[in-house]
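This is start.txt (compact mmCIF, C-alpha atoms).
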# COMPACT_ATOMS: atom_id res chain seq x y z
CA MET A 8 0.00 0.00 0.00
CA THR A 9 1.16 3.53 -0.78
CA ALA A 10 0.20 6.30 1.64
CA LEU A 11 -1.73 9.19 0.11
CA LEU A 12 0.05 11.82 2.21
CA PRO A 13 3.15 11.93 4.37
CA PRO A 14 2.65 12.13 8.14
CA LEU A 15 1.28 15.42 9.43
CA ARG A 16 3.81 17.36 11.48
CA ILE A 17 2.42 19.78 14.06
CA GLY A 18 5.32 21.20 16.00
CA ARG A 19 7.08 18.31 17.74
CA HIS A 20 4.21 15.91 17.05
CA THR A 21 4.04 13.53 14.12
CA ILE A 22 0.48 12.51 13.24
CA GLU A 23 0.95 9.46 11.03
CA THR A 24 -2.62 9.47 9.70
CA PRO A 25 -3.19 13.14 8.74
CA VAL A 26 -6.70 13.26 10.20
CA VAL A 27 -7.98 15.48 13.01
CA LEU A 28 -11.22 15.04 14.95
CA ALA A 29 -12.81 18.49 14.89
CA PRO A 30 -13.68 19.98 18.25
CA MET A 31 -17.49 19.90 18.57
CA ALA A 32 -19.38 21.45 21.47
CA GLY A 33 -21.14 18.85 23.56
CA ILE A 34 -19.70 16.02 21.45
CA THR A 35 -15.91 15.60 21.60
CA ASN A 36 -15.59 14.96 25.30
CA ARG A 37 -13.26 12.29 26.64
CA ALA A 38 -15.85 9.53 26.10
CA PHE A 39 -16.38 10.21 22.40
CA ARG A 40 -12.69 10.78 21.76
CA ARG A 41 -11.95 7.39 23.30
CA LEU A 42 -14.45 5.71 21.00
CA CYS A 43 -13.02 7.41 17.91
CA ARG A 44 -9.47 6.53 18.96
CA GLU A 45 -10.39 2.89 19.38
CA TYR A 46 -11.66 2.72 15.82
CA GLY A 47 -8.85 4.82 14.42
CA ASP A 48 -6.23 2.65 16.11
CA ALA A 49 -7.94 -0.53 14.90
CA GLY A 50 -8.04 0.81 11.35
CA SER A 51 -4.34 1.55 11.40
CA ALA A 52 -3.25 -1.57 13.27
CA ALA A 53 -1.07 -2.70 10.38
CA THR A 54 0.81 0.60 10.16
CA GLY A 55 0.70 1.81 13.77
CA ALA A 56 -0.53 5.19 12.50
CA HIS A 57 -2.58 7.47 14.70
CA SER A 58 -4.73 10.57 14.24
CA LEU A 59 -5.28 13.68 16.40
CA TYR A 60 -8.41 14.02 18.54
CA VAL A 61 -9.28 17.49 19.86
CA SER A 62 -11.38 18.35 22.92
CA GLU A 63 -14.57 20.36 22.72
CA MET A 64 -14.24 24.12 23.12
CA ILE A 65 -12.70 25.34 26.38
CA THR A 66 -13.16 29.01 27.20
CA SER A 67 -10.12 30.86 28.49
CA ARG A 68 -11.99 32.70 31.22
CA ALA A 69 -13.61 29.52 32.57
CA LEU A 70 -10.24 27.80 32.55
CA VAL A 71 -8.51 30.63 34.41
CA GLU A 72 -11.36 30.60 36.94
CA ARG A 73 -11.08 26.79 37.14
CA THR A 74 -14.80 26.19 36.87
CA PRO A 75 -15.63 22.54 37.70
CA LEU A 76 -17.16 21.78 34.27
CA THR A 77 -14.12 23.16 32.48
CA MET A 78 -11.68 21.22 34.62
CA ARG A 79 -13.64 18.06 33.76
CA LEU A 80 -13.62 18.88 30.04
CA ILE A 81 -9.83 19.23 29.89
CA GLU A 82 -9.29 15.73 31.30
CA HIS A 83 -7.71 13.12 29.03
CA ASP A 84 -7.45 9.36 29.15
CA PRO A 85 -4.05 8.13 30.42
CA ASP A 86 -3.20 6.72 26.97
CA GLU A 87 -4.44 9.73 25.00
CA SER A 88 -1.54 11.26 23.09
CA PRO A 89 -1.08 13.95 21.99
CA ARG A 90 -3.45 15.49 24.53
CA SER A 91 -5.22 18.17 22.52
CA ILE A 92 -7.35 21.08 23.78
CA GLN A 93 -9.24 23.69 21.83
CA LEU A 94 -9.23 27.10 23.45
CA TYR A 95 -11.67 29.97 22.86
CA SER A 96 -10.84 33.55 23.79
CA VAL A 97 -11.50 37.14 22.77
CA ASP A 98 -8.84 38.69 24.98
CA PRO A 99 -5.04 38.30 24.67
CA VAL A 100 -4.43 38.66 28.41
CA THR A 101 -6.90 35.91 29.30
CA THR A 102 -5.52 33.79 26.46
CA ALA A 103 -2.01 34.05 27.89
CA GLN A 104 -3.22 33.16 31.39
CA ALA A 105 -5.16 30.14 30.15
CA VAL A 106 -2.30 28.82 28.02
CA HIS A 107 0.14 29.38 30.88
CA LEU A 108 -2.08 27.27 33.14
CA LEU A 109 -2.30 24.47 30.59
CA VAL A 110 1.40 24.23 29.84
CA THR A 111 2.87 24.84 33.29
CA GLU A 112 0.54 22.23 34.82
CA ASP A 113 1.27 19.78 31.98
CA ARG A 114 -2.38 19.43 30.99
CA CYS A 115 -1.96 19.19 27.20
CA ASP A 116 0.48 18.61 24.36
CA HIS A 117 -1.30 20.69 21.70
CA ILE A 118 -3.54 23.76 21.75
CA ASP A 119 -5.95 24.73 18.99
CA LEU A 120 -7.42 28.25 18.93
CA ASN A 121 -11.10 28.62 18.00
CA PHE A 122 -11.77 31.26 15.36
CA GLY A 123 -14.46 29.28 13.59
CA CYS A 124 -17.50 29.07 15.85
CA PRO A 125 -20.52 30.68 14.10
CA VAL A 126 -23.15 30.51 16.86
CA PRO A 127 -24.78 33.84 17.79
CA LYS A 128 -23.85 33.78 21.49
CA VAL A 129 -20.19 33.68 20.39
CA THR A 130 -20.19 36.05 17.41
CA ARG A 131 -22.28 38.69 19.19
CA LYS A 132 -19.36 39.05 21.60
CA GLY A 133 -16.85 39.34 18.76
CA GLY A 134 -15.57 35.80 19.22
CA GLY A 135 -15.20 32.74 17.05
CA SER A 136 -15.57 33.39 13.33
CA ALA A 137 -16.18 37.12 13.92
CA LEU A 138 -12.82 37.78 15.52
CA PRO A 139 -10.35 37.56 12.58
CA TRP A 140 -12.06 40.64 11.10
CA LYS A 141 -10.19 42.60 13.78
CA THR A 142 -6.74 41.76 12.49
CA GLU A 143 -4.62 43.18 15.30
CA LEU A 144 -6.78 41.55 17.99
CA PHE A 145 -6.48 38.26 16.11
CA ARG A 146 -2.72 38.71 15.88
CA ALA A 147 -2.45 39.53 19.59
CA ILE A 148 -4.38 36.43 20.67
CA VAL A 149 -2.37 34.07 18.46
CA SER A 150 0.88 35.73 19.55
CA ALA A 151 -0.02 35.47 23.25
CA ALA A 152 -0.87 31.79 22.95
CA VAL A 153 2.28 30.94 20.98
CA ARG A 154 4.49 32.91 23.36
CA GLU A 155 3.25 31.07 26.45
CA ALA A 156 3.12 27.64 24.83
CA SER A 157 6.43 27.71 22.98
CA ALA A 158 8.43 27.81 26.20
CA TYR A 159 7.10 24.31 26.89
CA ASP A 160 7.33 23.11 23.28
CA VAL A 161 3.53 22.89 22.97
CA PRO A 162 2.42 23.74 19.42
CA VAL A 163 -0.49 26.11 18.82
CA THR A 164 -2.75 25.78 15.79
CA VAL A 165 -5.57 27.95 14.45
CA LYS A 166 -8.98 26.82 13.20
CA MET A 167 -11.05 29.35 11.29
CA ARG A 168 -13.74 29.92 8.66
CA LYS A 169 -13.61 31.77 5.35
CA GLY A 170 -14.96 34.86 7.04
CA ILE A 171 -18.13 36.47 8.31
CA ASP A 172 -20.01 36.49 4.99
CA PRO A 173 -19.09 36.72 1.29
CA ASP A 174 -18.44 40.46 1.64
CA HIS A 175 -16.21 40.11 4.69
CA LEU A 176 -13.74 37.29 4.03
CA THR A 177 -10.81 36.96 6.40
CA PHE A 178 -9.18 33.57 5.87
CA LEU A 179 -6.24 34.51 3.64
CA GLU A 180 -5.04 37.37 5.81
CA ALA A 181 -5.72 35.40 8.98
CA GLY A 182 -3.71 32.50 7.58
CA ARG A 183 -0.75 34.76 6.84
CA ILE A 184 -0.93 36.32 10.31
CA ALA A 185 -1.19 32.98 12.10
CA GLU A 186 1.77 31.62 10.16
CA GLY A 187 3.79 34.75 10.89
CA GLU A 188 3.03 34.63 14.61
CA GLY A 189 4.26 31.07 14.93
CA ALA A 190 1.16 28.90 14.60
CA ALA A 191 2.16 25.30 13.84
CA ALA A 192 -0.75 24.72 11.41
CA VAL A 193 -3.94 26.37 10.20
CA ALA A 194 -7.26 24.64 9.54
CA LEU A 195 -10.03 26.07 7.39
CA HIS A 196 -13.69 25.18 7.57
CA ALA A 197 -14.53 26.24 4.05
CA ARG A 198 -17.77 28.03 4.91
CA THR A 199 -18.52 31.54 6.13
CA ALA A 200 -20.12 32.25 9.50
CA SER A 201 -23.29 33.31 7.68
CA GLN A 202 -23.52 29.84 6.14
CA ALA A 203 -23.18 28.20 9.56
CA TYR A 204 -23.49 24.51 8.53
CA SER A 205 -25.73 25.04 5.52
CA GLY A 206 -24.98 24.77 1.82
CA THR A 207 -21.77 23.32 0.46
CA ALA A 208 -18.22 23.84 1.68
CA ASP A 209 -16.06 25.79 -0.77
CA TRP A 210 -13.04 23.53 -1.09
CA SER A 211 -11.43 25.97 -3.53
CA ALA A 212 -10.85 28.28 -0.55
CA ILE A 213 -8.69 25.58 1.04
CA ALA A 214 -6.60 25.43 -2.13
CA ARG A 215 -6.23 29.24 -2.07
CA LEU A 216 -5.13 29.18 1.56
CA LYS A 217 -2.59 26.49 0.73
CA GLU A 218 -1.08 28.86 -1.86
CA VAL A 219 -0.72 31.62 0.76
CA VAL A 220 0.40 29.60 3.80
CA THR A 221 3.53 27.77 2.71
CA THR A 222 5.67 27.00 5.78
CA VAL A 223 3.18 25.15 8.02
CA PRO A 224 0.48 22.56 7.26
CA VAL A 225 -2.91 23.63 5.95
CA LEU A 226 -5.81 21.40 6.96
CA GLY A 227 -9.17 21.21 5.20
CA ASN A 228 -12.56 20.94 6.88
CA GLY A 229 -16.10 20.76 5.53
CA ASP A 230 -18.35 18.10 3.96
CA ILE A 231 -16.23 15.07 4.76
CA TRP A 232 -18.89 12.41 5.21
CA SER A 233 -16.79 9.43 4.11
CA ALA A 234 -13.19 8.39 3.61
CA GLN A 235 -13.62 8.97 -0.12
CA ASP A 236 -14.65 12.56 0.58
CA ALA A 237 -11.40 13.05 2.49
CA ILE A 238 -9.36 11.66 -0.38
CA SER A 239 -11.26 13.88 -2.82
CA MET A 240 -10.56 16.95 -0.69
CA VAL A 241 -6.83 16.24 -0.58
CA ARG A 242 -6.67 15.76 -4.33
CA ALA A 243 -8.76 18.84 -5.07
CA THR A 244 -7.00 21.23 -2.69
CA GLY A 245 -3.48 19.95 -2.01
CA CYS A 246 -4.13 20.25 1.73
CA ASP A 247 -1.81 18.51 4.18
CA GLY A 248 -4.54 16.78 6.15
CA VAL A 249 -8.25 16.84 6.92
CA VAL A 250 -10.41 17.83 9.88
CA VAL A 251 -13.53 15.70 10.35
CA GLY A 252 -16.55 16.99 12.25
CA ARG A 253 -20.19 16.07 11.66
CA GLY A 254 -19.26 13.16 9.41
CA CYS A 255 -18.31 11.02 12.41
CA LEU A 256 -21.50 11.65 14.38
CA GLY A 257 -23.06 8.28 14.98
CA ARG A 258 -20.26 6.59 13.07
CA PRO A 259 -16.96 6.76 14.98
CA TRP A 260 -15.75 3.89 12.80
CA LEU A 261 -15.18 6.55 10.13
CA PHE A 262 -11.73 6.92 11.69
CA ALA A 263 -10.98 3.30 10.80
CA ASP A 264 -12.03 4.01 7.21
CA LEU A 265 -9.88 7.15 7.13
CA ALA A 266 -6.82 5.38 8.55
CA ALA A 267 -7.15 2.71 5.87
CA ALA A 268 -7.77 5.20 3.06
CA PHE A 269 -4.76 7.36 3.89
CA ALA A 270 -2.63 4.22 4.06
CA GLY A 271 -3.72 3.38 0.51
CA SER A 272 -6.39 0.77 1.27
CA ASP A 273 -10.06 0.78 0.28
CA VAL A 274 -11.12 -1.39 3.26
CA GLN A 275 -14.19 0.05 5.01
CA VAL A 276 -16.25 -0.81 8.06
CA VAL A 277 -19.74 -1.93 7.02
CA PRO A 278 -21.50 -2.69 10.33
CA THR A 279 -24.74 -4.51 10.92
CA LEU A 280 -27.28 -2.97 13.27
CA ARG A 281 -26.00 -5.31 15.99
CA GLU A 282 -22.51 -3.90 15.60
CA VAL A 283 -23.83 -0.35 15.49
CA THR A 284 -25.80 -0.81 18.70
CA ASP A 285 -22.79 -2.44 20.36
CA THR A 286 -20.92 0.79 19.60
CA LEU A 287 -23.83 2.90 20.80
CA ARG A 288 -23.95 0.92 24.05
CA ARG A 289 -20.19 1.31 24.58
CA HIS A 290 -20.48 5.05 23.93
CA ALA A 291 -23.23 5.30 26.56
CA GLU A 292 -21.09 3.41 29.06
CA TYR A 293 -18.13 5.72 28.44
CA LEU A 294 -20.38 8.75 28.95
CA CYS A 295 -21.65 7.39 32.26
CA GLU A 296 -18.05 6.94 33.35
CA PHE A 297 -17.13 10.44 32.15
CA TYR A 298 -19.97 12.13 34.03
CA GLU A 299 -19.67 9.76 37.01
CA SER A 300 -23.44 9.47 36.70
CA GLN A 301 -25.59 7.00 34.79
CA GLU A 302 -28.40 9.52 34.59
CA LYS A 303 -26.20 12.22 33.01
CA GLY A 304 -24.48 9.77 30.71
CA CYS A 305 -27.76 8.38 29.40
CA ARG A 306 -29.17 11.86 28.99
CA ASP A 307 -26.16 12.78 26.86
CA ILE A 308 -26.32 9.66 24.67
CA ARG A 309 -29.86 10.57 23.61
CA LYS A 310 -28.68 13.14 21.05
CA HIS A 311 -26.41 10.54 19.43
CA ILE A 312 -29.04 7.82 18.99
CA ALA A 313 -30.68 9.18 15.83
CA TRP A 314 -27.24 9.55 14.23
CA TYR A 315 -26.36 5.94 15.02
CA LEU A 316 -29.66 4.58 13.74
CA LYS A 317 -29.88 6.67 10.57
CA GLY A 318 -31.11 4.54 7.65
CA PHE A 319 -32.00 1.47 9.70
CA ARG A 320 -35.58 0.17 10.04
CA VAL A 321 -36.54 1.38 13.49
CA GLY A 322 -40.14 2.35 14.21
CA GLY A 323 -41.09 5.84 15.28
CA GLU A 324 -42.40 4.74 18.68
CA LEU A 325 -39.16 2.89 19.42
CA ARG A 326 -37.08 5.86 18.32
CA SER A 327 -39.11 8.05 20.68
CA SER A 328 -38.47 5.66 23.55
CA LEU A 329 -34.76 5.58 22.81
CA ALA A 330 -34.71 9.40 22.84
CA LEU A 331 -35.95 9.27 26.45
CA VAL A 332 -33.63 6.56 27.75
CA ASP A 333 -32.58 7.16 31.37
CA SER A 334 -30.50 4.11 32.31
CA LEU A 335 -28.21 1.54 30.75
CA ASP A 336 -30.71 -1.19 31.60
CA ALA A 337 -33.44 0.71 29.75
CA LEU A 338 -31.10 1.18 26.79
CA ASP A 339 -30.29 -2.54 26.76
CA ALA A 340 -33.97 -3.47 26.78
CA LEU A 341 -34.77 -1.19 23.88
CA ILE A 342 -31.77 -2.39 21.86
CA ASP A 343 -32.84 -6.01 22.43
CA SER A 344 -36.24 -5.20 20.89
CA LEU A 345 -34.63 -4.21 17.57
CA ASP A 346 -34.06 -6.45 14.57
CA LEU A 347 -30.32 -6.53 15.13
CA ASP A 348 -29.54 -8.66 12.08
CA GLN A 349 -30.24 -5.78 9.69
CA PRO A 350 -27.28 -5.18 7.35
CA TRP A 351 -25.80 -1.74 6.76
CA PRO A 352 -28.52 0.17 4.83
CA GLY A 353 -26.11 1.77 2.36
CA GLU A 354 -27.18 5.08 0.85
CA PRO A 355 -29.95 5.86 3.40
CA ALA A 356 -27.35 5.78 6.18
CA GLU A 357 -24.80 7.90 4.35
CA GLY A 358 -24.40 11.64 3.92
CA GLN A 359 -25.06 14.54 6.22
CA ARG A 360 -25.39 14.23 9.96
CA GLY A 361 -25.86 16.90 12.58
CA ARG A 362 -26.79 20.52 12.11
CA ALA A 363 -27.44 22.07 8.71
CA GLY A 364 -29.99 24.88 8.82
CA SER A 365 -29.98 27.79 6.40
CA GLU A 366 -27.88 30.85 5.71
CA ARG A 367 -28.41 33.74 8.12
CA ARG A 368 -27.24 37.17 9.15
CA VAL A 369 -24.33 37.00 11.58
CA VAL A 370 -24.97 38.67 14.94
CA LEU A 371 -22.03 40.97 15.74
CA PRO A 372 -21.14 43.67 18.28
CA ASP A 373 -22.31 47.17 17.37
CA GLY A 374 -20.08 48.74 14.74
CA TRP A 375 -17.95 45.61 14.34
CA LEU A 376 -17.70 45.81 10.55
CA SER A 377 -16.99 49.54 10.37
CA SER A 378 -13.24 49.01 10.82
CA ARG A 379 -10.67 46.20 10.77
CA SER A 380 -9.13 47.63 13.95
CA ILE A 381 -10.67 47.51 17.41
CA ASP A 382 -11.26 50.64 19.47
CA ASP A 383 -10.95 50.91 23.25
CA ARG A 384 -14.71 50.65 23.79
CA GLN A 385 -15.03 47.46 21.76
CA HIS A 386 -11.98 45.93 23.41
CA ALA A 387 -13.35 46.62 26.88
CA GLU A 388 -16.77 45.26 25.94
CA ILE A 389 -15.60 41.97 24.48
CA ALA A 390 -13.02 41.36 27.23
CA HIS A 391 -15.74 41.91 29.82
CA ALA A 392 -18.16 39.69 27.93
CA GLU A 393 -15.86 36.72 27.39
CA LEU A 394 -17.77 33.48 27.75
CA ALA A 395 -17.51 31.84 31.14
CA VAL A 396 -18.95 28.46 30.12
CA SER A 397 -16.91 25.85 28.23
CA GLY A 398 -18.29 23.38 25.75
CA GLY A 399 -19.95 25.90 23.45

Write the structure described by the file as structure tokens, please.
Amino acid sequence: MTALLPPLRIGRHTIETPVVLAPMAGITNRAFRRLCREYGDAGSAATGAHSLYVSEMITSRALVERTPLTMRLIEHDPDESPRSIQLYSVDPVTTAQAVHLLVTEDRCDHIDLNFGCPVPKVTRKGGGSALPWKTELFRAIVSAAVREASAYDVPVTVKMRKGIDPDHLTFLEAGRIAEGEGAAAVALHARTASQAYSGTADWSAIARLKEVVTTVPVLGNGDIWSAQDAISMVRATGCDGVVVGRGCLGRPWLFADLAAAFAGSDVQVVPTLREVTDTLRRHAEYLCEFYESQEKGCRDIRKHIAWYLKGFRVGGELRSSLALVDSLDALDALIDSLDLDQPWPGEPAEGQRGRAGSERRVVLPDGWLSSRSIDDRQHAEIAHAELAVSGG
């Protein structure tokens, strides 16, 4: 077999399979990352290759204040390596404090900065995908993170979108700035904030970014629903690796497919419903362990169930019961009532998972688009308003 791409190098880390699990709020906690790693490792057993699995969004302010939820979200399994955390911030000072905490307390091996989140509660404060419009603020945050992390040889990467909307694109300039300030890689979700998760990702933007950012890896994100999609993105854009988000919802075995595909194999996991529900059950068990509560773990698994069962013959009443599951015993009973010998449904189970929605106007702070620089009033407002809750 001939590998499609060379290993991905992010600072001191070598990621043999150039695939990154995208940070997703409420999804990529330690339990889900473990499940994805298990499949990814199984898929690359012959080569020993591994991918990179990033935590859900951690807010700088909540980390500095050591809120209990945030301290739980930054936990990693003992065998999780590199330990990867995505950090959100709108303030360089808080960014520096948060990164200092992470690296001096040896809590991670890689930090990703969130400049891609399109949700209104983030953009209305000038954060996420709204922030790169303010170029010097963006530069200051990246610089602060790199400065604190580099002393401990922890690489910092940047994840962003094309921009706010078609009239306010930021990705090329942001890519140049991030590279210049010492970011170890840049990842582009090839949609604007106004698109959110709707429409089609513009892979040509990834190719354009690759032309501009030449000294560090460029990673592509958007509309990777299968291993073949990942291969197609690499061939179409020349990117150095891919970031996979909604495509793995309800199908963590996608990381086995990706490991095989990047190693040059067309082997794919084609699970029966029995195998799918075995994975679902294991996911629920990991969540119960993560939350140290069966009630909380089962409440969390509910949102995953429809993704796991997509395309399979499961009656509406049974789906409704599964969406209300409150214990592992109840989950087991409902699973046992299914026709578990159903084969993989093929096309009905493929394609989009998770949020989609429609294009919308991006909610921004007053006067945000009037200038690329940030005035004292805006700086004070967004620093004061920094989110205090991790996980999106």

Give me, please, the distance in Å between atom CA of A:Arg68 and atom CA of A:Gly304, quoted to one decimal.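 Atom CA of A:Gly304 lies at a distance of 26.1 Å from atom CA of A:Arg68.
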
Can you write out as JSON lines which residues of stretch 244-362 of chain A fall within 10 Å of stretch 198-218 of chain A, alongside each residue's closest atom pair and its distance in Å to one decimal, counting all atoms listed in the file and ordering rows by chain and ascending residue number?
{"residue": "A:Thr244", "atom": "CA", "partner": "A:Ala214", "partner_atom": "CA", "distance": 4.3}
{"residue": "A:Gly245", "atom": "CA", "partner": "A:Ala214", "partner_atom": "CA", "distance": 6.3}
{"residue": "A:Cys246", "atom": "CA", "partner": "A:Lys217", "partner_atom": "CA", "distance": 6.5}
{"residue": "A:Asp247", "atom": "CA", "partner": "A:Lys217", "partner_atom": "CA", "distance": 8.7}
{"residue": "A:Arg253", "atom": "CA", "partner": "A:Tyr204", "partner_atom": "CA", "distance": 9.6}
{"residue": "A:Gly361", "atom": "CA", "partner": "A:Tyr204", "partner_atom": "CA", "distance": 8.9}
{"residue": "A:Arg362", "atom": "CA", "partner": "A:Tyr204", "partner_atom": "CA", "distance": 6.3}

For a quick check of understanding, using only C-alpha atoms, which of A:Val220, A:Leu138, A:Ala337, A:Ile81 has the smallest distance to A:Leu179?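 Among the listed residues, A:Val220 lies closest to A:Leu179.
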
With 7 Å as the threshold, what does the neighbourhood of (-0.8, 25.3, 16.7) contain in terms of residues, counting all atoms listed in the file? Coordinates are those of the file; answer as a JSON list (two decimals) with C-alpha atoms, in the frame of the given file.
[["chain", "number", "residue", "atom", "x", "y", "z"],
["A", 17, "ILE", "CA", 2.42, 19.78, 14.06],
["A", 117, "HIS", "CA", -1.30, 20.69, 21.70],
["A", 118, "ILE", "CA", -3.54, 23.76, 21.75],
["A", 119, "ASP", "CA", -5.95, 24.73, 18.99],
["A", 162, "PRO", "CA", 2.42, 23.74, 19.42],
["A", 163, "VAL", "CA", -0.49, 26.11, 18.82],
["A", 164, "THR", "CA", -2.75, 25.78, 15.79],
["A", 165, "VAL", "CA", -5.57, 27.95, 14.45],
["A", 190, "ALA", "CA", 1.16, 28.90, 14.60],
["A", 191, "ALA", "CA", 2.16, 25.30, 13.84],
["A", 192, "ALA", "CA", -0.75, 24.72, 11.41]]

Counting all atoms listed in the file, select every polymer residue within 12 Å of (2.1, 19.8, 32.4) as defined in the file's coordinates, and provide the selection as a PDB file with C-alpha atoms, in the coordinates of the input.
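Writing done, so here's result-v2.pdb:
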ATOM      1  CA  ARG A  90      -3.450  15.490  24.530  1.00  0.00           C
ATOM      2  CA  VAL A 106      -2.300  28.820  28.020  1.00  0.00           C
ATOM      3  CA  HIS A 107       0.140  29.380  30.880  1.00  0.00           C
ATOM      4  CA  LEU A 108      -2.080  27.270  33.140  1.00  0.00           C
ATOM      5  CA  LEU A 109      -2.300  24.470  30.590  1.00  0.00           C
ATOM      6  CA  VAL A 110       1.400  24.230  29.840  1.00  0.00           C
ATOM      7  CA  THR A 111       2.870  24.840  33.290  1.00  0.00           C
ATOM      8  CA  GLU A 112       0.540  22.230  34.820  1.00  0.00           C
ATOM      9  CA  ASP A 113       1.270  19.780  31.980  1.00  0.00           C
ATOM     10  CA  ARG A 114      -2.380  19.430  30.990  1.00  0.00           C
ATOM     11  CA  CYS A 115      -1.960  19.190  27.200  1.00  0.00           C
ATOM     12  CA  ASP A 116       0.480  18.610  24.360  1.00  0.00           C
ATOM     13  CA  HIS A 117      -1.300  20.690  21.700  1.00  0.00           C
ATOM     14  CA  ALA A 156       3.120  27.640  24.830  1.00  0.00           C
ATOM     15  CA  ALA A 158       8.430  27.810  26.200  1.00  0.00           C
ATOM     16  CA  TYR A 159       7.100  24.310  26.890  1.00  0.00           C
ATOM     17  CA  ASP A 160       7.330  23.110  23.280  1.00  0.00           C
ATOM     18  CA  VAL A 161       3.530  22.890  22.970  1.00  0.00           C
TER      19      VAL A 161
END

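A straight line drawn from atom CA of A:Arg309 to atom CA of A:Cys124 is 23.6 Å long.
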
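Of the residues under consideration (A:Leu335, A:Leu94, A:Ile65, A:Ala263), A:Ile65 shows the shortest atom-to-atom contact distance to A:Met78 when counting all atoms listed in the file.
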
Selection: 7 Å around A:Val71, only C-alpha atoms, excl. self and same-chain fewer than 3 positions, as a ChimeraX atom specification: /A:67-68,104-105

So how far away is atom CA of A:Leu256 from atom CA of A:Leu120, in Å?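 Between these atoms lies a distance of 22.2 Å.
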
Rebuild stretch 305-316 of chain A to N, CA, C and O atoms - output it as a CSV table (one decimal), in the frame of the given file, please.
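And here is the file that came out, selection_33.csv:
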chain,number,residue,atom,x,y,z
A,305,CYS,N,-26.7,8.8,30.3
A,305,CYS,CA,-27.8,8.4,29.4
A,305,CYS,C,-28.5,9.6,28.8
A,305,CYS,O,-29.0,9.5,27.7
A,306,ARG,N,-28.6,10.7,29.6
A,306,ARG,CA,-29.2,11.9,29.0
A,306,ARG,C,-28.3,12.4,27.8
A,306,ARG,O,-28.9,12.9,26.8
A,307,ASP,N,-27.0,12.3,27.9
A,307,ASP,CA,-26.2,12.8,26.9
A,307,ASP,C,-26.2,11.9,25.6
A,307,ASP,O,-26.2,12.4,24.5
A,308,ILE,N,-26.3,10.6,25.8
A,308,ILE,CA,-26.3,9.7,24.7
A,308,ILE,C,-27.6,9.9,23.8
A,308,ILE,O,-27.6,9.5,22.6
A,309,ARG,N,-28.6,10.4,24.4
A,309,ARG,CA,-29.9,10.6,23.6
A,309,ARG,C,-29.7,11.3,22.3
A,309,ARG,O,-30.2,10.9,21.3
A,310,LYS,N,-28.9,12.4,22.3
A,310,LYS,CA,-28.7,13.1,21.0
A,310,LYS,C,-27.9,12.4,20.0
A,310,LYS,O,-28.0,12.7,18.8
A,311,HIS,N,-27.2,11.3,20.4
A,311,HIS,CA,-26.4,10.5,19.4
A,311,HIS,C,-27.2,9.4,18.8
A,311,HIS,O,-26.8,8.9,17.7
A,312,ILE,N,-28.3,9.0,19.4
A,312,ILE,CA,-29.0,7.8,19.0
A,312,ILE,C,-29.6,7.9,17.6
A,312,ILE,O,-29.4,7.0,16.8
A,313,ALA,N,-30.2,9.0,17.2
A,313,ALA,CA,-30.7,9.2,15.8
A,313,ALA,C,-29.6,9.1,14.8
A,313,ALA,O,-29.7,8.6,13.7
A,314,TRP,N,-28.4,9.6,15.1
A,314,TRP,CA,-27.2,9.6,14.2
A,314,TRP,C,-26.8,8.1,14.0
A,314,TRP,O,-26.5,7.7,12.9
A,315,TYR,N,-26.7,7.3,15.1
A,315,TYR,CA,-26.4,5.9,15.0
A,315,TYR,C,-27.4,5.1,14.2
A,315,TYR,O,-27.0,4.2,13.4
A,316,LEU,N,-28.6,5.4,14.4
A,316,LEU,CA,-29.7,4.6,13.7
A,316,LEU,C,-30.1,5.1,12.4
A,316,LEU,O,-31.0,4.5,11.7
